[in-house]
Amino acid sequence: QVQLAESGGGSVQAGGSLRLSCAASGYTTSYNCIGWFRQVPGKGREGVAAISTGGGSTYSGDSVKGRFTISQDNTKTTVYLQMSSLKPDDTAMYYCAARLRQASGGSCQPTPRIFHYWGQGTQVTVSS
């Protein structure tokens, strides 16, 4: 089992910055990919960014490329999402998720259906 806890959400004005954290606990060697997702009421969950915890390669969605950066700490149990130049459209509940190691391999991209463990989310609100 893997437990994930997000933190760092809040309210900010457009153009501002926030840093979200995703702290993992439990069987932390069972996964090798952490993703960040967001969701607004009435819409599906959108993949924002992902990081391969082994090699450190990252992927960012088109809507956040150049504004959001995903990274991890040296222990590889905390993943960050640095969000800059925030827009009102970035307002959402943000979740992190872990993908278990796959025997078949596969790339680490933020596709919701391939992730196995999810946190409870942290709210980000951007006002104009």
# chains A, B, ... in the order shown; residues from 1 in each chain; ligands from 1

$ residues_around --residues "Gly8 (chain A)" --least-positions-apart "5" --cutoff "12 Å" --atoms "only C-alpha atoms" --output "number ranges by chain"
A: 17-23, 79-83, 93-95, 121-125

$ select_by_dssp --residues "chain A" --states "strand (DSSP E or B)" --output "PyMOL selection string"
chain A and resi 2-7+10-13+18-26+31-39+46-52+58-60+68-72+78-83+92-100+117-118+122-127

$ residues_around --residues "His116 (chain A)" --least-positions-apart "4" --cutoff "9 Å" --atoms "only C-alpha atoms" --output "list in words"
Ala97, Ala98, Arg99, Leu100 and Pro112 of chain A

$ atom_distance --atom1 "CA of Thr58 (chain A)" --atom2 "CA of Gln109 (chain A)"
8.2 Å
